[in-house]
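Engineer: Next comes the structure file run.txt, holding compact mmCIF, C-alpha atoms.
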```txt
# COMPACT_ATOMS: atom_id res chain seq x y z
CA MET A 105 -11.67 78.39 61.32
CA ALA A 106 -9.53 75.54 60.01
CA ASN A 107 -9.17 73.62 63.26
CA PRO A 108 -12.73 72.77 64.37
CA ALA A 109 -11.59 72.69 68.01
CA PHE A 110 -9.73 76.00 67.88
CA SER A 111 -10.83 79.12 65.99
CA GLU A 112 -11.49 82.82 66.48
CA LYS A 113 -14.98 81.86 67.66
CA THR A 114 -13.29 80.00 70.52
CA PHE A 115 -12.88 83.26 72.43
CA THR A 116 -16.48 84.37 72.07
CA LYS A 117 -19.13 83.66 74.71
CA ILE A 118 -16.60 83.35 77.52
CA ASP A 119 -16.28 85.50 80.64
CA PHE A 120 -13.07 87.48 80.42
CA ALA A 121 -10.90 87.73 83.52
CA GLN A 122 -10.66 90.93 85.56
CA ASP A 123 -7.83 89.87 87.87
CA ASN A 124 -4.38 89.89 86.22
CA SER A 125 -3.47 86.68 88.07
CA GLU A 126 -6.31 84.89 86.30
CA VAL A 127 -5.45 86.00 82.77
CA MET A 128 -4.20 83.69 80.03
CA ASN A 129 -0.61 84.23 78.86
CA VAL A 130 1.43 82.70 76.05
CA GLN A 131 4.31 81.26 78.10
CA SER A 132 2.00 79.47 80.51
CA THR A 133 -0.01 78.11 77.59
CA LEU A 134 3.13 76.66 75.98
CA THR A 135 4.02 75.07 79.32
CA LYS A 136 0.64 73.34 79.31
CA VAL A 137 1.28 72.18 75.73
CA GLY A 138 4.44 70.54 77.06
CA ILE A 139 2.46 68.84 79.83
CA LEU A 140 -0.08 67.48 77.35
CA LEU A 141 2.70 66.23 75.07
CA PHE A 142 4.30 64.41 78.01
CA ILE A 143 0.99 62.73 78.87
CA LEU A 144 0.49 61.83 75.22
CA LEU A 145 3.96 60.29 74.91
CA ALA A 146 3.64 58.39 78.20
CA SER A 147 0.30 56.81 77.29
CA SER A 148 1.58 56.12 73.77
CA ALA A 149 4.51 54.20 75.23
CA VAL A 150 2.16 52.08 77.34
CA SER A 151 -0.11 51.16 74.41
CA TRP A 152 2.92 50.56 72.13
CA ILE A 153 4.30 48.04 74.62
CA GLY A 154 0.86 46.53 75.13
CA LEU A 155 0.38 45.89 71.42
CA LEU A 156 3.84 44.41 70.92
CA GLU A 157 3.53 42.26 74.05
CA GLY A 158 0.12 40.98 72.98
CA TRP A 159 -1.93 42.26 75.90
CA GLY A 160 -5.54 41.13 75.70
CA ILE A 161 -6.92 44.68 75.64
CA ALA A 162 -4.39 45.90 73.04
CA PRO A 163 -6.75 45.56 70.01
CA MET A 164 -9.26 47.82 71.78
CA LEU A 165 -6.82 50.65 72.43
CA ILE A 166 -7.21 52.31 69.03
CA PRO A 167 -11.04 52.52 68.97
CA ALA A 168 -11.22 53.26 72.71
CA GLY A 169 -8.64 56.05 72.45
CA CYS A 170 -10.18 57.59 69.33
CA ILE A 171 -13.76 57.48 70.62
CA GLY A 172 -12.78 58.68 74.10
CA GLY A 173 -10.71 61.53 72.67
CA LEU A 174 -13.57 62.53 70.38
CA LEU A 175 -16.01 62.60 73.30
CA CYS A 176 -13.62 64.84 75.27
CA ALA A 177 -13.36 67.19 72.30
CA ILE A 178 -17.15 67.36 71.92
CA VAL A 179 -17.67 68.14 75.61
CA LEU A 180 -14.91 70.78 75.52
CA ALA A 181 -16.63 72.51 72.61
CA PHE A 182 -19.51 73.31 74.98
CA LYS A 183 -17.69 73.38 78.34
CA LYS A 184 -14.39 75.15 77.80
CA GLU A 185 -14.09 75.81 81.54
CA TRP A 186 -13.61 72.05 81.99
CA ALA A 187 -10.41 72.18 79.95
CA PRO A 188 -8.03 71.83 82.97
CA GLN A 189 -9.51 68.36 83.53
CA LEU A 190 -10.51 67.27 80.04
CA ALA A 191 -7.44 68.43 78.08
CA PRO A 192 -5.11 66.01 79.96
CA THR A 193 -7.76 63.29 79.62
CA TYR A 194 -7.86 63.90 75.87
CA ALA A 195 -4.06 63.64 75.64
CA LEU A 196 -4.12 60.39 77.64
CA LEU A 197 -6.79 58.77 75.47
CA GLU A 198 -5.33 59.94 72.17
CA GLY A 199 -1.95 58.65 73.32
CA LEU A 200 -3.39 55.16 73.75
CA ALA A 201 -4.66 55.19 70.17
CA ILE A 202 -1.54 56.76 68.68
CA GLY A 203 0.79 54.39 70.52
CA ALA A 204 -1.05 51.36 69.17
CA ILE A 205 -1.11 52.80 65.63
CA SER A 206 2.59 53.67 65.83
CA ALA A 207 3.49 50.16 67.02
CA ILE A 208 2.11 48.81 63.76
CA PHE A 209 4.57 50.94 61.77
CA GLN A 210 7.42 50.83 64.34
CA ASP A 211 10.53 52.34 62.66
CA LEU A 212 8.44 54.71 60.55
CA ALA A 213 6.78 55.99 63.73
CA PHE A 214 10.08 57.26 65.16
CA MET A 215 10.84 59.07 61.93
CA ALA A 216 7.32 60.52 61.82
CA ALA A 217 7.61 61.76 65.41
CA GLY A 218 10.95 63.43 64.68
CA LEU A 219 9.61 65.08 61.54
CA THR A 220 6.50 66.25 63.37
CA PHE A 221 8.45 68.02 66.10
CA GLY A 222 10.77 69.44 63.46
CA VAL A 223 7.84 70.87 61.50
CA VAL A 224 6.30 72.36 64.67
CA LEU A 225 9.57 74.10 65.54
CA ILE A 226 10.02 75.39 61.98
CA MET A 227 6.47 76.75 61.85
CA TRP A 228 6.94 78.41 65.25
CA PHE A 229 10.12 80.07 63.94
CA LEU A 230 8.37 81.21 60.75
CA TYR A 231 5.51 82.62 62.82
CA LYS A 232 7.66 84.42 65.40
CA THR A 233 9.86 85.98 62.70
CA ARG A 234 6.69 87.02 60.82
CA ILE A 235 7.81 85.23 57.68
CA LEU A 236 4.36 83.64 57.78
CA GLN A 237 1.51 85.62 59.30
CA ALA A 238 -2.08 84.66 60.03
CA THR A 239 -3.68 87.30 57.83
CA GLN A 240 -7.35 87.03 56.95
CA GLN A 241 -6.41 85.83 53.46
CA PHE A 242 -4.08 83.21 54.91
CA ILE A 243 -6.70 81.98 57.37
CA PHE A 244 -9.37 81.86 54.65
CA GLY A 245 -7.11 79.86 52.31
CA VAL A 246 -6.04 77.35 54.97
CA THR A 247 -9.64 77.00 56.17
CA ALA A 248 -10.90 76.29 52.66
CA ALA A 249 -8.12 73.76 52.00
CA THR A 250 -8.72 72.01 55.34
CA GLY A 251 -12.44 71.85 54.63
CA ALA A 252 -11.75 70.27 51.24
CA ILE A 253 -9.56 67.61 52.87
CA PHE A 254 -12.28 66.90 55.42
CA LEU A 255 -14.79 66.37 52.61
CA VAL A 256 -12.42 63.99 50.81
CA TYR A 257 -11.92 61.95 54.00
CA LEU A 258 -15.66 61.98 54.70
CA LEU A 259 -16.39 60.75 51.19
CA THR A 260 -13.73 58.05 51.57
CA TRP A 261 -15.37 56.88 54.80
CA ILE A 262 -18.87 56.83 53.28
CA LEU A 263 -17.73 54.93 50.18
CA GLY A 264 -15.79 52.52 52.38
CA MET A 265 -19.05 51.57 54.11
CA PHE A 266 -20.21 50.24 50.73
CA GLY A 267 -16.94 48.49 49.94
CA ILE A 268 -15.80 51.17 47.50
CA SER A 269 -12.28 52.60 47.76
CA MET A 270 -11.21 55.92 46.29
CA PRO A 271 -8.48 55.30 43.70
CA TYR A 272 -4.92 56.63 43.84
CA ILE A 273 -4.98 59.15 46.70
CA HIS A 274 -4.86 56.57 49.50
CA GLN A 275 -2.41 54.29 47.71
CA GLY A 276 1.38 54.27 47.58
CA GLY A 277 1.71 55.56 44.03
CA THR A 278 2.84 58.99 42.91
CA VAL A 279 -0.65 60.50 43.14
CA GLY A 280 -1.11 59.19 46.68
CA ILE A 281 2.27 60.53 47.81
CA ILE A 282 1.57 63.96 46.30
CA PHE A 283 -1.84 64.02 47.99
CA SER A 284 -0.26 63.23 51.36
CA LEU A 285 2.39 65.93 50.83
CA VAL A 286 -0.37 68.45 50.22
CA VAL A 287 -2.26 67.34 53.35
CA VAL A 288 0.90 67.53 55.49
CA THR A 289 1.55 71.05 54.19
CA ILE A 290 -1.98 72.18 55.01
CA ALA A 291 -1.78 70.61 58.48
CA ALA A 292 1.48 72.51 59.05
CA MET A 293 -0.17 75.76 57.93
CA ASN A 294 -2.84 75.20 60.57
CA LEU A 295 -0.11 75.57 63.19
CA ILE A 296 0.35 79.20 62.16
CA ILE A 297 -3.33 79.86 62.86
CA ASP A 298 -3.08 78.07 66.21
CA PHE A 299 -0.06 80.15 67.29
CA HIS A 300 -1.92 83.29 66.25
CA LEU A 301 -5.00 82.32 68.26
CA ILE A 302 -2.92 81.64 71.37
CA GLU A 303 -1.43 85.14 71.19
CA GLN A 304 -4.85 86.59 70.40
CA GLY A 305 -6.37 84.90 73.45
CA ALA A 306 -3.65 86.33 75.69
CA ALA A 307 -4.12 89.79 74.18
CA MET A 308 -7.87 89.59 74.79
CA ARG A 309 -7.20 88.69 78.45
CA ALA A 310 -8.99 85.38 78.21
CA PRO A 311 -9.53 83.54 81.53
CA LYS A 312 -6.80 81.23 82.83
CA TYR A 313 -8.61 78.01 81.94
CA MET A 314 -8.33 78.98 78.27
CA GLU A 315 -4.63 78.17 78.50
CA TRP A 316 -5.61 74.51 78.82
CA TYR A 317 -8.18 74.81 76.07
CA SER A 318 -5.69 76.53 73.75
CA ALA A 319 -3.10 73.85 74.52
CA PHE A 320 -5.74 71.25 73.65
CA GLY A 321 -6.50 73.03 70.36
CA LEU A 322 -2.82 73.02 69.39
CA MET A 323 -2.56 69.33 70.33
CA VAL A 324 -5.37 68.49 67.91
CA THR A 325 -3.33 69.96 65.06
CA ILE A 326 -0.07 68.30 66.16
CA ILE A 327 -1.74 64.88 66.36
CA TRP A 328 -3.27 65.36 62.91
CA LEU A 329 0.12 66.42 61.53
CA TYR A 330 1.84 63.36 63.02
CA LEU A 331 -0.71 60.93 61.60
CA GLU A 332 -0.49 62.51 58.15
CA ILE A 333 3.32 62.37 58.18
CA LEU A 334 3.15 58.72 59.28
CA LYS A 335 0.73 58.01 56.44
CA LEU A 336 3.06 59.75 53.96
CA LEU A 337 6.07 57.71 55.11
CA ALA A 338 4.05 54.50 54.85
CA LYS A 339 3.10 55.34 51.26
CA ILE A 340 6.71 56.09 50.36
CA SER A 341 7.80 52.84 52.00
CA ARG A 342 5.22 50.83 50.03
CA LYS A 343 6.30 52.40 46.78
```
Can I see the file as structure tokens?

Structural biologist:
Amino acid sequence: MANPAFSEKTFTKIDFAQDNSEVMNVQSTLTKVGILLFILLASSAVSWIGLLEGWGIAPMLIPAGCIGGLLCAIVLAFKKEWAPQLAPTYALLEGLAIGAISAIFQDLAFMAAGLTFGVVLIMWFLYKTRILQATQQFIFGVTAATGAIFLVYLLTWILGMFGISMPYIHQGGTVGIIFSLVVVTIAAMNLIIDFHLIEQGAAMRAPKYMEWYSAFGLMVTIIWLYLEILKLLAKISRK
């Protein structure tokens, strides 16, 4: 579905638990989300300080964190049973990258973090009260929109390799701000799908290690949301 790390296909080709003590449940999954967020924030604080203090390795934190996190995600796609070990590793590595990125923006980063947690709580409320539901039409629409954004970013990256920049959407003008608002909205909608999949996994009696994998899947969306909100605030600030 929309989140490449977390979709309905996530719960296929896994061995479902027979013992009730080894079954995934929602509350335990949310606890693991909290653990991953703590690891993310702790490693972010370290890399933030490192960049501001001018540590020698500081410039390498962003590429090292991004590449390391990506490798963890790729391995988890094939080895979900390794999630109890790799999900915390992913949070640690991504935290290093995010902390360094956030240090560049400083004050905007605090605002972006607050807005991100606010959006997550609002979307959780909308999901639990069934104001927004992960119907098939909803999932299809969010998936299509997310795929379109991915193609735009991919095209931007390819053109950038040839020294060509896409006009307007990545700049601080009105078009760029509107584009970022749309992306933030779509990222927020992905949270509804993630919450739905967590409940679906528990209902399907997925094995206990899927709690860590599901927490990882939700973290992917939260990190994306934070970066997009930070980008939006930076555009507004430039304008």

Engineer: Between atom CA of A:Gly245 and atom CA of A:Lys184, what is the distance, to one decimal in Å?

Structural biologist: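 Separating atom CA of A:Gly245 from atom CA of A:Lys184 is a distance of 26.9 Å.
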
Engineer: Looking at only C-alpha atoms, which of A:Phe244, A:Tyr330, A:Tyr313, A:Trp261 is the one that sits closest to A:Ala216?

Structural biologist: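 When distances to A:Ala216 are compared using only C-alpha atoms, the smallest one comes from A:Tyr330.
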
Engineer: Could you please determine the separation between atom CA of A:Ile327 and atom CA of A:Leu196 in Å, to one decimal place?

Structural biologist: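 If I compute the distance from atom CA of A:Ile327 to atom CA of A:Leu196, I get 12.4 Å.
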
Engineer: Mind pulling up the distance from atom CA of A:Gly218 to atom CA of A:Gly199?

Structural biologist: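 Distance between the two atoms: 16.2 Å.
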
Engineer: Quick one: residues within 8 Å of stretch 151-161 of chain A, all atoms listed in the file, excluding same-chain residues fewer than 3 positions away - as an mmCIF file with C-alpha atoms, in the coordinates of the input?

Structural biologist:
```
data_model
loop_
_atom_site.group_PDB
_atom_site.id
_atom_site.type_symbol
_atom_site.label_atom_id
_atom_site.label_comp_id
_atom_site.auth_asym_id
_atom_site.auth_seq_id
_atom_site.Cartn_x
_atom_site.Cartn_y
_atom_site.Cartn_z
ATOM 1 C CA SER A 147 0.300 56.810 77.290
ATOM 2 C CA SER A 148 1.580 56.120 73.770
ATOM 3 C CA MET A 164 -9.260 47.820 71.780
ATOM 4 C CA LEU A 165 -6.820 50.650 72.430
ATOM 5 C CA GLY A 199 -1.950 58.650 73.320
ATOM 6 C CA LEU A 200 -3.390 55.160 73.750
ATOM 7 C CA ALA A 201 -4.660 55.190 70.170
ATOM 8 C CA GLY A 203 0.790 54.390 70.520
ATOM 9 C CA ALA A 204 -1.050 51.360 69.170
ATOM 10 C CA ILE A 205 -1.110 52.800 65.630
ATOM 11 C CA SER A 206 2.590 53.670 65.830
ATOM 12 C CA ALA A 207 3.490 50.160 67.020
#
```

Engineer: As a PyMOL selection string, please: the residues near A:Trp316 (cut-off 7 Å, all atoms listed in the file, same-chain neighbours under 5 positions excluded).

Structural biologist: chain A and resi 133+136+187-188+191

Engineer: Which residues are close to A:Thr278, i.e. within 10 Å by all atoms listed in the file, leaving aside same-chain residues fewer than 6 positions away? Reply as a compact mmCIF listing (two decimals) with C-alpha atoms, in the frame of the given file.

Structural biologist:
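Resulting contents of around-v7.txt:
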```txt
# COMPACT_ATOMS: atom_id res chain seq x y z
CA TYR A 272 -4.92 56.63 43.84
CA SER A 284 -0.26 63.23 51.36
CA LYS A 339 3.10 55.34 51.26
CA ILE A 340 6.71 56.09 50.36
CA LYS A 343 6.30 52.40 46.78
```

Engineer: Could you list, as number ranges by chain, every residue within 12 Å of A:Ile178, counting all atoms listed in the file and ignoring same-chain residues fewer than 5 positions away?

Structural biologist: A: 108-109, 171-173, 183-184, 186-187, 190-191, 194

Engineer: Nearest to A:Leu225: which of A:Ile326, A:Ile202, A:Leu174, A:Ala149 is it, counting only C-alpha atoms?

Structural biologist: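 Using only C-alpha atoms, the shortest distance to A:Leu225 belongs to A:Ile326.
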
Engineer: Got a sec: who's within 12 Å of stretch 249-253 of chain A, counting all atoms listed in the file, leaving out chain neighbours fewer than 5 positions off, as a ChimeraX atom specification?

Structural biologist: /A:105-108,242-244,258-260,273,283-284,286-294,325,328,332

Engineer: Go through A:Glu198, A:Glu185, A:Glu315, A:Asp211 one by one, measure the shortest atom-to-atom distance of each to A:Leu134 using all atoms listed in the file, and give the residue with the smallest value.

Structural biologist: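 Residue with the minimum atom-to-atom distance to A:Leu134: A:Glu315.
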
Engineer: Could you check which of A:Leu263, A:Leu295, A:Ile281, A:Met270 is closest to A:Val246, using all atoms listed in the file?

Structural biologist: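 Selected residue with least distance to A:Val246: A:Leu295.
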
Engineer: With stretch 301-307 of chain A as the partner and 9 Å as the cut-off, tabulate the residues of stretch 118-187 of chain A that qualify, each row holding the nearest pair of atoms and their distance in Å to one decimal, using only C-alpha atoms, sorted by chain and rising number, as CSV.

Structural biologist:
```
residue,atom,partner,partner_atom,distance
A:Val127,CA,A:Ala306,CA,7.3
A:Met128,CA,A:Ala306,CA,5.1
A:Asn129,CA,A:Ala306,CA,4.9
A:Val130,CA,A:Glu303,CA,6.1
A:Thr133,CA,A:Ile302,CA,7.7
```

Engineer: Counting all atoms listed in the file, figure out which residue out of A:Gly222, A:Leu197, A:Ile297, A:Gln189 gets nearest to A:Leu175.

Structural biologist: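 Looking only at the distances to A:Leu175, the closest residue turns out to be A:Leu197.
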
Engineer: Compare A:Leu255, A:Ala319, A:Val324, A:Leu336 by their minimum atom-to-atom distance to A:Gly276, counting all atoms listed in the file, and give me the closest one.

Structural biologist: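 Checking each candidate against A:Gly276, we get A:Leu336 as the closest.
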